>>> print(open('start05.cif').read())   # mmCIF, C-alpha atoms
data_coords
loop_
_atom_site.label_atom_id
_atom_site.label_comp_id
_atom_site.auth_asym_id
_atom_site.auth_seq_id
_atom_site.Cartn_x
_atom_site.Cartn_y
_atom_site.Cartn_z
CA MET A 26 13.58 4.48 19.63
CA GLN A 27 11.92 1.22 18.73
CA ARG A 28 10.02 1.17 15.49
CA ARG A 29 6.80 -0.14 17.07
CA HIS A 30 6.86 2.60 19.62
CA PHE A 31 7.55 5.18 16.94
CA LEU A 32 4.69 3.91 14.78
CA GLY A 33 2.17 3.77 17.61
CA MET A 34 2.94 7.28 18.64
CA SER A 35 2.83 8.66 15.14
CA LEU A 36 -0.44 6.98 14.24
CA ALA A 37 -2.21 8.19 17.35
CA SER A 38 -1.40 11.80 16.61
CA LEU A 39 -1.45 11.59 12.84
CA LEU A 40 -4.29 14.02 12.26
CA LEU A 41 -2.56 16.69 14.29
CA LEU A 42 0.78 16.42 12.53
CA PRO A 43 2.01 19.22 10.30
CA LEU A 44 2.91 18.36 6.72
CA GLN A 45 6.65 18.20 7.41
CA ALA A 46 6.12 15.49 9.99
CA LEU A 47 4.05 13.45 7.54
CA ALA A 48 6.73 13.88 4.92
CA ALA A 49 9.23 12.52 7.44
CA LEU A 50 7.13 9.37 7.91
CA TRP A 51 7.01 8.70 4.18
CA ASN A 52 10.12 6.90 2.92
CA LYS A 53 10.94 9.43 0.19
CA ALA A 54 14.31 7.95 -0.77
CA ALA A 55 12.86 4.46 -1.26
CA PHE A 56 9.83 5.64 -3.24
CA GLU A 57 11.90 7.92 -5.49
CA ALA A 58 14.58 5.30 -6.14
CA ALA A 59 14.84 4.46 -9.85
CA THR A 60 16.05 0.87 -9.46
CA VAL A 61 15.01 -2.11 -7.36
CA PRO A 62 18.44 -2.38 -5.65
CA ALA A 63 18.29 1.31 -4.66
CA ALA A 64 14.74 0.96 -3.35
CA ARG A 65 15.77 -2.14 -1.37
CA GLN A 66 18.69 -0.27 0.11
CA HIS A 67 16.44 2.54 1.30
CA LEU A 68 14.01 0.01 2.75
CA GLN A 69 17.08 -1.25 4.64
CA VAL A 70 16.79 -4.73 3.23
CA ALA A 71 20.29 -6.12 3.77
CA SER A 72 19.74 -9.65 2.59
CA GLU A 73 16.71 -11.68 1.70
CA GLN A 74 15.76 -15.22 0.85
CA PRO A 75 13.12 -16.59 -1.49
CA SER A 76 10.08 -18.06 0.26
CA SER A 77 7.32 -20.35 -0.94
CA GLU A 78 5.15 -19.07 1.92
CA ILE A 79 4.35 -15.85 0.09
CA ASP A 80 1.36 -16.08 -2.24
CA ILE A 81 1.02 -13.61 -5.10
CA VAL A 82 -2.17 -13.53 -7.16
CA ALA A 83 -1.81 -11.37 -10.26
CA PRO A 84 -2.71 -11.88 -13.90
CA ASP A 85 -0.21 -13.61 -16.23
CA PHE A 86 -1.33 -11.19 -18.92
CA ALA A 87 -2.61 -7.69 -18.15
CA GLU A 88 -4.25 -5.83 -21.00
CA ASN A 89 -4.13 -2.44 -19.30
CA GLY A 90 -1.03 -1.58 -17.28
CA ALA A 91 -2.83 1.33 -15.63
CA VAL A 92 -4.83 -1.05 -13.46
CA VAL A 93 -3.36 -4.41 -12.48
CA GLN A 94 -4.97 -6.07 -9.48
CA VAL A 95 -2.50 -7.72 -7.12
CA GLU A 96 -3.23 -9.87 -4.08
CA VAL A 97 -0.43 -10.75 -1.65
CA ARG A 98 -0.54 -13.00 1.39
CA SER A 99 2.35 -13.90 3.67
CA ARG A 100 2.01 -17.21 5.51
CA ILE A 101 5.25 -16.55 7.39
CA ALA A 102 4.63 -16.19 11.14
CA ASN A 103 5.18 -12.72 12.62
CA THR A 104 5.13 -10.92 9.29
CA GLU A 105 5.35 -7.17 9.96
CA ALA A 106 5.33 -5.65 6.51
CA ILE A 107 4.74 -6.40 2.83
CA ALA A 108 6.41 -4.26 0.15
CA ILE A 109 5.39 -4.46 -3.53
CA LEU A 110 7.82 -3.55 -6.31
CA VAL A 111 7.75 -3.63 -10.12
CA ASP A 112 11.27 -3.83 -11.56
CA LYS A 113 10.57 -2.04 -14.88
CA ASN A 114 8.60 0.92 -13.48
CA PRO A 115 10.33 4.36 -13.43
CA THR A 116 10.11 4.18 -9.64
CA PRO A 117 9.90 0.47 -8.76
CA LEU A 118 8.62 0.71 -5.17
CA ILE A 119 4.82 0.74 -5.34
CA ALA A 120 3.74 0.32 -1.74
CA ASN A 121 4.79 -0.79 1.70
CA PHE A 122 2.10 -2.13 4.04
CA MET A 123 2.79 -2.46 7.79
CA PHE A 124 0.50 -4.58 9.94
CA SER A 125 -0.23 -4.47 13.67
CA ASN A 126 -2.83 -5.37 16.31
CA GLY A 127 -4.45 -8.33 14.56
CA ALA A 128 -4.26 -7.24 10.94
CA ASP A 129 -3.48 -10.24 8.73
CA PRO A 130 -0.42 -9.92 6.47
CA TYR A 131 -2.67 -9.75 3.43
CA VAL A 132 -3.55 -7.03 0.93
CA VAL A 133 -5.35 -6.62 -2.35
CA THR A 134 -4.65 -3.47 -4.31
CA ARG A 135 -4.42 -2.19 -7.89
CA ILE A 136 -1.13 -0.98 -9.34
CA LYS A 137 0.35 0.61 -12.47
CA MET A 138 2.81 -1.28 -14.64
CA ALA A 139 4.79 0.59 -17.31
CA GLU A 140 5.57 -2.57 -19.28
CA SER A 141 5.90 -6.34 -18.90
CA ALA A 142 7.87 -6.82 -15.70
CA GLN A 143 8.64 -8.83 -12.64
CA LEU A 144 6.30 -8.16 -9.73
CA GLN A 145 8.36 -8.52 -6.56
CA VAL A 146 7.22 -8.83 -2.99
CA ILE A 147 9.46 -8.32 0.04
CA VAL A 148 8.16 -9.51 3.41
CA LYS A 149 9.69 -8.22 6.65
CA VAL A 150 9.80 -10.56 9.63
CA GLY A 151 11.81 -8.94 12.43
CA GLU A 152 15.26 -8.39 10.98
CA HIS A 153 14.73 -10.98 8.25
CA TYR A 154 13.43 -10.45 4.74
CA PHE A 155 11.78 -12.91 2.39
CA THR A 156 10.83 -12.52 -1.25
CA ALA A 157 8.66 -13.92 -3.99
CA SER A 158 8.00 -12.71 -7.51
CA LYS A 159 5.75 -13.19 -10.48
CA GLN A 160 6.16 -12.19 -14.12
CA VAL A 161 3.27 -10.15 -15.57
CA GLN A 162 2.97 -9.49 -19.32
CA VAL A 163 1.51 -6.06 -20.02
CA SER A 164 -0.04 -5.22 -23.42
CA LEU A 165 -0.55 -1.49 -22.87
CA GLY A 166 1.74 0.29 -20.41
CA GLY A 167 0.10 2.36 -17.73
CA CYS A 168 2.65 4.70 -16.19
CA GLY A 169 1.70 8.04 -17.74
CA MET B 24 -17.33 10.53 5.57
CA ASN B 25 -16.00 12.09 2.38
CA ASP B 26 -18.09 11.57 -0.71
CA ASN B 27 -14.97 10.36 -2.48
CA MET B 28 -14.41 7.40 -0.19
CA LYS B 29 -16.34 4.14 0.08
CA MET B 30 -15.76 1.54 2.77
CA ARG B 31 -17.28 -1.77 3.80
CA ALA B 32 -16.33 -4.17 6.61
CA LEU B 33 -17.81 -7.66 6.70
CA LEU B 34 -17.20 -10.25 9.40
CA LYS B 35 -16.73 -13.67 7.77
CA GLY B 36 -15.90 -16.35 10.35
CA GLU B 37 -12.82 -15.15 12.24
CA ILE B 38 -11.83 -12.59 9.65
CA THR B 39 -13.20 -9.14 9.00
CA GLU B 40 -12.74 -8.19 5.37
CA VAL B 41 -12.35 -4.44 4.90
CA LYS B 42 -12.67 -2.95 1.42
CA VAL B 43 -11.74 0.66 0.70
CA LEU B 44 -12.21 2.66 -2.50
CA ILE B 45 -10.86 6.22 -2.68
CA GLY B 46 -11.47 8.83 -5.37
CA HIS B 47 -8.02 10.27 -6.10
CA PRO B 48 -6.15 11.11 -9.35
CA MET B 49 -2.83 9.47 -8.30
CA GLU B 50 -0.86 11.57 -10.82
CA THR B 51 2.72 10.35 -11.25
CA GLY B 52 4.18 13.72 -12.29
CA ARG B 53 5.24 12.19 -15.63
CA ARG B 54 1.97 12.36 -17.56
CA LYS B 55 1.42 15.13 -20.10
CA ASN B 56 -1.98 16.68 -20.79
CA ASP B 57 -3.42 17.51 -24.22
CA LEU B 58 -1.36 20.73 -24.29
CA GLU B 59 1.85 18.75 -23.77
CA GLN B 60 2.19 20.19 -20.27
CA VAL B 61 3.41 17.90 -17.52
CA VAL B 62 0.69 17.28 -14.95
CA PRO B 63 2.20 17.76 -11.47
CA ALA B 64 2.51 14.75 -9.20
CA HIS B 65 -0.53 14.33 -6.96
CA PHE B 66 -0.71 11.07 -5.08
CA ILE B 67 -1.54 9.56 -1.70
CA GLN B 68 1.60 8.87 0.32
CA LEU B 69 0.23 7.60 3.59
CA LEU B 70 -2.88 5.67 4.54
CA THR B 71 -3.63 4.43 8.03
CA ALA B 72 -6.42 2.24 9.34
CA SER B 73 -7.57 1.78 12.91
CA LEU B 74 -9.94 -0.61 14.68
CA ASN B 75 -11.76 1.04 17.62
CA GLY B 76 -8.97 3.63 17.69
CA LYS B 77 -6.09 1.11 17.68
CA PRO B 78 -3.80 1.24 14.63
CA VAL B 79 -3.96 -1.91 12.49
CA LEU B 80 -2.46 -0.91 9.15
CA GLU B 81 -0.05 1.73 7.89
CA ALA B 82 0.45 1.89 4.15
CA GLN B 83 3.04 4.03 2.41
CA TRP B 84 2.34 4.48 -1.28
CA GLY B 85 4.27 5.75 -4.26
CA THR B 86 2.94 6.90 -7.62
CA GLY B 87 2.51 3.29 -8.76
CA ILE B 88 -0.84 2.78 -7.06
CA SER B 89 -3.63 3.07 -9.66
CA LYS B 90 -5.94 6.05 -9.98
CA ASN B 91 -8.90 5.80 -7.56
CA PRO B 92 -7.03 3.46 -5.19
CA TYR B 93 -8.59 0.19 -4.10
CA LEU B 94 -7.55 -1.75 -1.02
CA THR B 95 -8.68 -4.87 0.79
CA PHE B 96 -7.26 -5.91 4.15
CA HIS B 97 -8.17 -8.50 6.78
CA LEU B 98 -8.53 -8.10 10.54
CA ARG B 99 -8.77 -10.72 13.27
CA GLY B 100 -10.61 -10.20 16.53
CA ALA B 101 -13.09 -7.60 15.30
CA LYS B 102 -16.77 -7.92 16.28
CA VAL B 103 -20.00 -6.74 14.68
CA GLY B 104 -20.42 -3.04 15.45
CA ASP B 105 -16.69 -2.34 15.85
CA LEU B 106 -15.53 0.85 14.16
CA ILE B 107 -12.90 0.91 11.43
CA LYS B 108 -11.47 4.26 10.37
CA VAL B 109 -9.20 5.02 7.44
CA VAL B 110 -7.28 8.26 6.95
CA TRP B 111 -5.11 9.23 3.99
CA HIS B 112 -2.67 12.06 3.30
CA ASP B 113 -1.30 13.05 -0.12
CA ASN B 114 1.79 14.92 -1.32
CA LYS B 115 -0.15 18.19 -1.58
CA GLY B 116 -1.17 18.11 2.05
CA GLN B 117 -4.73 17.07 1.29
CA THR B 118 -6.36 14.49 3.48
CA GLY B 119 -9.45 12.33 3.52
CA ASN B 120 -11.07 9.87 5.85
CA GLY B 121 -13.79 7.31 6.01
CA GLU B 122 -15.26 4.88 8.49
CA ALA B 123 -17.32 1.73 8.54
CA SER B 124 -18.90 -0.40 11.24
CA VAL B 125 -18.25 -4.12 11.06
CA SER B 126 -21.37 -5.94 9.89
CA ALA B 127 -22.18 -9.63 9.65
CA GLY B 128 -21.05 -11.08 6.32
#
>>> encode(input="start05.cif", output="structure tokens")
Amino acid sequence: MQRRHFLGMSLASLLLLPLQALAALWNKAAFEAATVPAARQHLQVASEQPSSEIDIVAPDFAENGAVVQVEVRSRIANTEAIAILVDKNPTPLIANFMFSNGADPYVVTRIKMAESAQLQVIVKVGEHYFTASKQVQVSLGGCG
Amino acid sequence: MNDNMKMRALLKGEITEVKVLIGHPMETGRRKNDLEQVVPAHFIQLLTASLNGKPVLEAQWGTGISKNPYLTFHLRGAKVGDLIKVVWHDNKGQTGNGEASVSAG
């Protein structure tokens, strides 16, 4: 089954789905992975290349790791998804955003950072993956 | 709309900026309370947004999203009066939803 088809179907009937079906949608293995390579593997990222067409706006220094605002924009045509990872967090995968039907590949959200770490972004374009990263210094860790 | 969810959608030129704020503890399952007891994990795993019933965004989240999650996303092709709905589901089977009509920015 094609992913698009699968997504469309699942979203349309989301409210009616039992909990098990929702759990099946959520990428448990990737979100529970304890390292970036393991999370990548479960996101099925085979290989990736750095891209200057991914913009990350995040503070150089974050006083409170419990709330770090991150803005990500992909300027790569046909971007389907943006994943956000923090390499030093106990579970590095923070979020995976999938866009369709005229949603721009752009998000702003607030994340937890356990300590100073590399913020990594993986952008999915068809079968290709692109990355960018930014170092964030954290004064007070926020992964309680 | 739930009391614990705030949404706003503003049309600015070609882009509709949607802002979402959700009241949720986003517990990691690693934090201990004052009695040194581990607080069980309680976090949103799935959030979906639709524009006039058509899916536009699916977000999968782990425990690394901050307490009281905040999200901004951008839509193209939306018009004033269009309806944007957001639904979330957490690891305890709880769910919440909110909606906003697009207004002129």
>>> interface_residues(input="start05.cif", of="chain A", to="chain B", cutoff="6 Å", atoms="only C-alpha atoms", output="PyMOL selection string")
chain A and resi 56+92+119-129+132-137+169
>>> atom_distance(input="start05.cif", atom1="CA of Ser76 (chain A)", atom2="CA of Gln160 (chain A)")
16.0 Å
>>> residues_around(input="start05.cif", residues="region 28-31 of chain B", least_positions_apart="5", cutoff="9 Å", atoms="only C-alpha atoms", output="ChimeraX atom specification")
/B:40-46,109,119-126
>>> write_last_selection(input="start05.cif", atoms="C-alpha atoms", output="compact mmCIF listing (two decimals), keeping the file's coordinate frame")
# COMPACT_ATOMS: atom_id res chain seq x y z
CA GLU B 40 -12.74 -8.19 5.37
CA VAL B 41 -12.35 -4.44 4.90
CA LYS B 42 -12.67 -2.95 1.42
CA VAL B 43 -11.74 0.66 0.70
CA LEU B 44 -12.21 2.66 -2.50
CA ILE B 45 -10.86 6.22 -2.68
CA GLY B 46 -11.47 8.83 -5.37
CA VAL B 109 -9.20 5.02 7.44
CA GLY B 119 -9.45 12.33 3.52
CA ASN B 120 -11.07 9.87 5.85
CA GLY B 121 -13.79 7.31 6.01
CA GLU B 122 -15.26 4.88 8.49
CA ALA B 123 -17.32 1.73 8.54
CA SER B 124 -18.90 -0.40 11.24
CA VAL B 125 -18.25 -4.12 11.06
CA SER B 126 -21.37 -5.94 9.89
>>> resolve_selection(input="start05.cif", expression="the PyMOL selection byres ((chain A and resi 58) around 12)", output="PyMOL selection string")
(chain A and resi 52-57+59-68+110-112+114-119) or (chain B and resi 85-86)
>>> residues_around(input="start05.cif", residues="Pro130 (chain A)", least_positions_apart="5", cutoff="7 Å", atoms="all atoms listed in the file", output="MDAnalysis selection string")
chainID A and resid 98:99 104 124
>>> residues_near_point(input="start05.cif", point="(-3.3, -8.0, -9.7)", cutoff="6 Å", atoms="only C-alpha atoms", output="NGL selection string")
:A and (83-84 or 93-96)
>>> residues_near_point(input="start05.cif", point="(8.2, -11.6, 2.1)", cutoff="10 Å", atoms="all atoms listed in the file", output="ChimeraX atom specification")
/A:73-80,97-101,104-109,130,145-150,153-158
>>> atom_distance(input="start05.cif", atom1="CA of Leu165 (chain A)", atom2="CA of Gly90 (chain A)")
5.6 Å
>>> build_atoms(input="start05.cif", residues="region 87-98 of chain B", atoms="all heavy atoms", output="mmCIF file, in the frame of the given file")
data_model
loop_
_atom_site.group_PDB
_atom_site.id
_atom_site.type_symbol
_atom_site.label_atom_id
_atom_site.label_comp_id
_atom_site.auth_asym_id
_atom_site.auth_seq_id
_atom_site.Cartn_x
_atom_site.Cartn_y
_atom_site.Cartn_z
ATOM 1 N N GLY B 87 2.882 4.498 -8.016
ATOM 2 C CA GLY B 87 2.510 3.290 -8.760
ATOM 3 C C GLY B 87 1.192 2.660 -8.351
ATOM 4 O O GLY B 87 0.783 1.650 -8.917
ATOM 5 N N ILE B 88 0.513 3.246 -7.384
ATOM 6 C CA ILE B 88 -0.840 2.780 -7.060
ATOM 7 C C ILE B 88 -1.798 3.410 -8.087
ATOM 8 O O ILE B 88 -1.696 4.596 -8.408
ATOM 9 C CB ILE B 88 -1.239 3.188 -5.620
ATOM 10 C CG1 ILE B 88 -0.370 2.455 -4.586
ATOM 11 C CG2 ILE B 88 -2.734 2.956 -5.364
ATOM 12 C CD1 ILE B 88 -0.678 0.972 -4.423
ATOM 13 N N SER B 89 -2.730 2.607 -8.600
ATOM 14 C CA SER B 89 -3.630 3.070 -9.660
ATOM 15 C C SER B 89 -4.508 4.224 -9.207
ATOM 16 O O SER B 89 -4.792 4.378 -8.017
ATOM 17 C CB SER B 89 -4.519 1.930 -10.141
ATOM 18 O OG SER B 89 -3.734 0.877 -10.633
ATOM 19 N N LYS B 90 -4.947 4.992 -10.190
ATOM 20 C CA LYS B 90 -5.940 6.050 -9.980
ATOM 21 C C LYS B 90 -7.165 5.467 -9.258
ATOM 22 O O LYS B 90 -7.560 4.332 -9.521
ATOM 23 C CB LYS B 90 -6.343 6.605 -11.346
ATOM 24 C CG LYS B 90 -7.398 7.671 -11.344
ATOM 25 C CD LYS B 90 -7.692 8.081 -12.793
ATOM 26 C CE LYS B 90 -8.847 9.064 -12.846
ATOM 27 N NZ LYS B 90 -9.084 9.492 -14.234
ATOM 28 N N ASN B 91 -7.775 6.254 -8.380
ATOM 29 C CA ASN B 91 -8.900 5.800 -7.560
ATOM 30 C C ASN B 91 -8.540 4.508 -6.816
ATOM 31 O O ASN B 91 -9.058 3.423 -7.105
ATOM 32 C CB ASN B 91 -10.160 5.606 -8.400
ATOM 33 C CG ASN B 91 -10.602 6.912 -9.022
ATOM 34 O OD1 ASN B 91 -10.367 7.985 -8.467
ATOM 35 N ND2 ASN B 91 -11.213 6.838 -10.188
ATOM 36 N N PRO B 92 -7.613 4.635 -5.851
ATOM 37 C CA PRO B 92 -7.030 3.460 -5.190
ATOM 38 C C PRO B 92 -8.066 2.530 -4.550
ATOM 39 O O PRO B 92 -9.067 2.976 -3.989
ATOM 40 C CB PRO B 92 -6.148 4.090 -4.102
ATOM 41 C CG PRO B 92 -5.799 5.424 -4.625
ATOM 42 C CD PRO B 92 -7.020 5.891 -5.369
ATOM 43 N N TYR B 93 -7.755 1.253 -4.658
ATOM 44 C CA TYR B 93 -8.590 0.190 -4.100
ATOM 45 C C TYR B 93 -7.722 -0.613 -3.149
ATOM 46 O O TYR B 93 -6.562 -0.910 -3.443
ATOM 47 C CB TYR B 93 -9.115 -0.709 -5.216
ATOM 48 C CG TYR B 93 -9.808 -1.931 -4.712
ATOM 49 C CD1 TYR B 93 -11.119 -1.863 -4.246
ATOM 50 C CD2 TYR B 93 -9.164 -3.160 -4.668
ATOM 51 C CE1 TYR B 93 -11.757 -2.984 -3.764
ATOM 52 C CE2 TYR B 93 -9.793 -4.291 -4.183
ATOM 53 C CZ TYR B 93 -11.093 -4.200 -3.729
ATOM 54 O OH TYR B 93 -11.726 -5.305 -3.243
ATOM 55 N N LEU B 94 -8.308 -0.996 -2.020
ATOM 56 C CA LEU B 94 -7.550 -1.750 -1.020
ATOM 57 C C LEU B 94 -8.474 -2.702 -0.280
ATOM 58 O O LEU B 94 -9.589 -2.345 0.092
ATOM 59 C CB LEU B 94 -6.944 -0.739 -0.021
ATOM 60 C CG LEU B 94 -6.162 -1.283 1.173
ATOM 61 C CD1 LEU B 94 -4.872 -1.942 0.710
ATOM 62 C CD2 LEU B 94 -5.849 -0.154 2.148
ATOM 63 N N THR B 95 -8.015 -3.933 -0.111
ATOM 64 C CA THR B 95 -8.680 -4.870 0.790
ATOM 65 C C THR B 95 -7.682 -5.282 1.855
ATOM 66 O O THR B 95 -6.520 -5.557 1.538
ATOM 67 C CB THR B 95 -9.140 -6.153 0.060
ATOM 68 O OG1 THR B 95 -10.041 -5.810 -0.975
ATOM 69 C CG2 THR B 95 -9.824 -7.122 1.009
ATOM 70 N N PHE B 96 -8.099 -5.310 3.117
ATOM 71 C CA PHE B 96 -7.260 -5.910 4.150
ATOM 72 C C PHE B 96 -8.129 -6.718 5.113
ATOM 73 O O PHE B 96 -9.359 -6.598 5.099
ATOM 74 C CB PHE B 96 -6.409 -4.852 4.883
ATOM 75 C CG PHE B 96 -7.169 -3.741 5.556
ATOM 76 C CD1 PHE B 96 -7.530 -3.846 6.894
ATOM 77 C CD2 PHE B 96 -7.496 -2.589 4.861
ATOM 78 C CE1 PHE B 96 -8.209 -2.806 7.535
ATOM 79 C CE2 PHE B 96 -8.191 -1.553 5.492
ATOM 80 C CZ PHE B 96 -8.553 -1.665 6.824
ATOM 81 N N HIS B 97 -7.464 -7.572 5.900
ATOM 82 C CA HIS B 97 -8.170 -8.500 6.780
ATOM 83 C C HIS B 97 -7.787 -8.274 8.242
ATOM 84 O O HIS B 97 -6.600 -8.127 8.547
ATOM 85 C CB HIS B 97 -7.806 -9.947 6.417
ATOM 86 C CG HIS B 97 -8.464 -10.426 5.162
ATOM 87 N ND1 HIS B 97 -8.165 -11.630 4.574
ATOM 88 C CD2 HIS B 97 -9.416 -9.859 4.377
ATOM 89 C CE1 HIS B 97 -8.906 -11.791 3.481
ATOM 90 N NE2 HIS B 97 -9.672 -10.719 3.336
ATOM 91 N N LEU B 98 -8.786 -8.264 9.108
ATOM 92 C CA LEU B 98 -8.530 -8.100 10.540
ATOM 93 C C LEU B 98 -9.036 -9.326 11.298
ATOM 94 O O LEU B 98 -10.062 -9.900 10.947
ATOM 95 C CB LEU B 98 -9.260 -6.864 11.075
ATOM 96 C CG LEU B 98 -8.914 -5.532 10.419
ATOM 97 C CD1 LEU B 98 -9.772 -4.426 11.010
ATOM 98 C CD2 LEU B 98 -7.437 -5.230 10.597
#
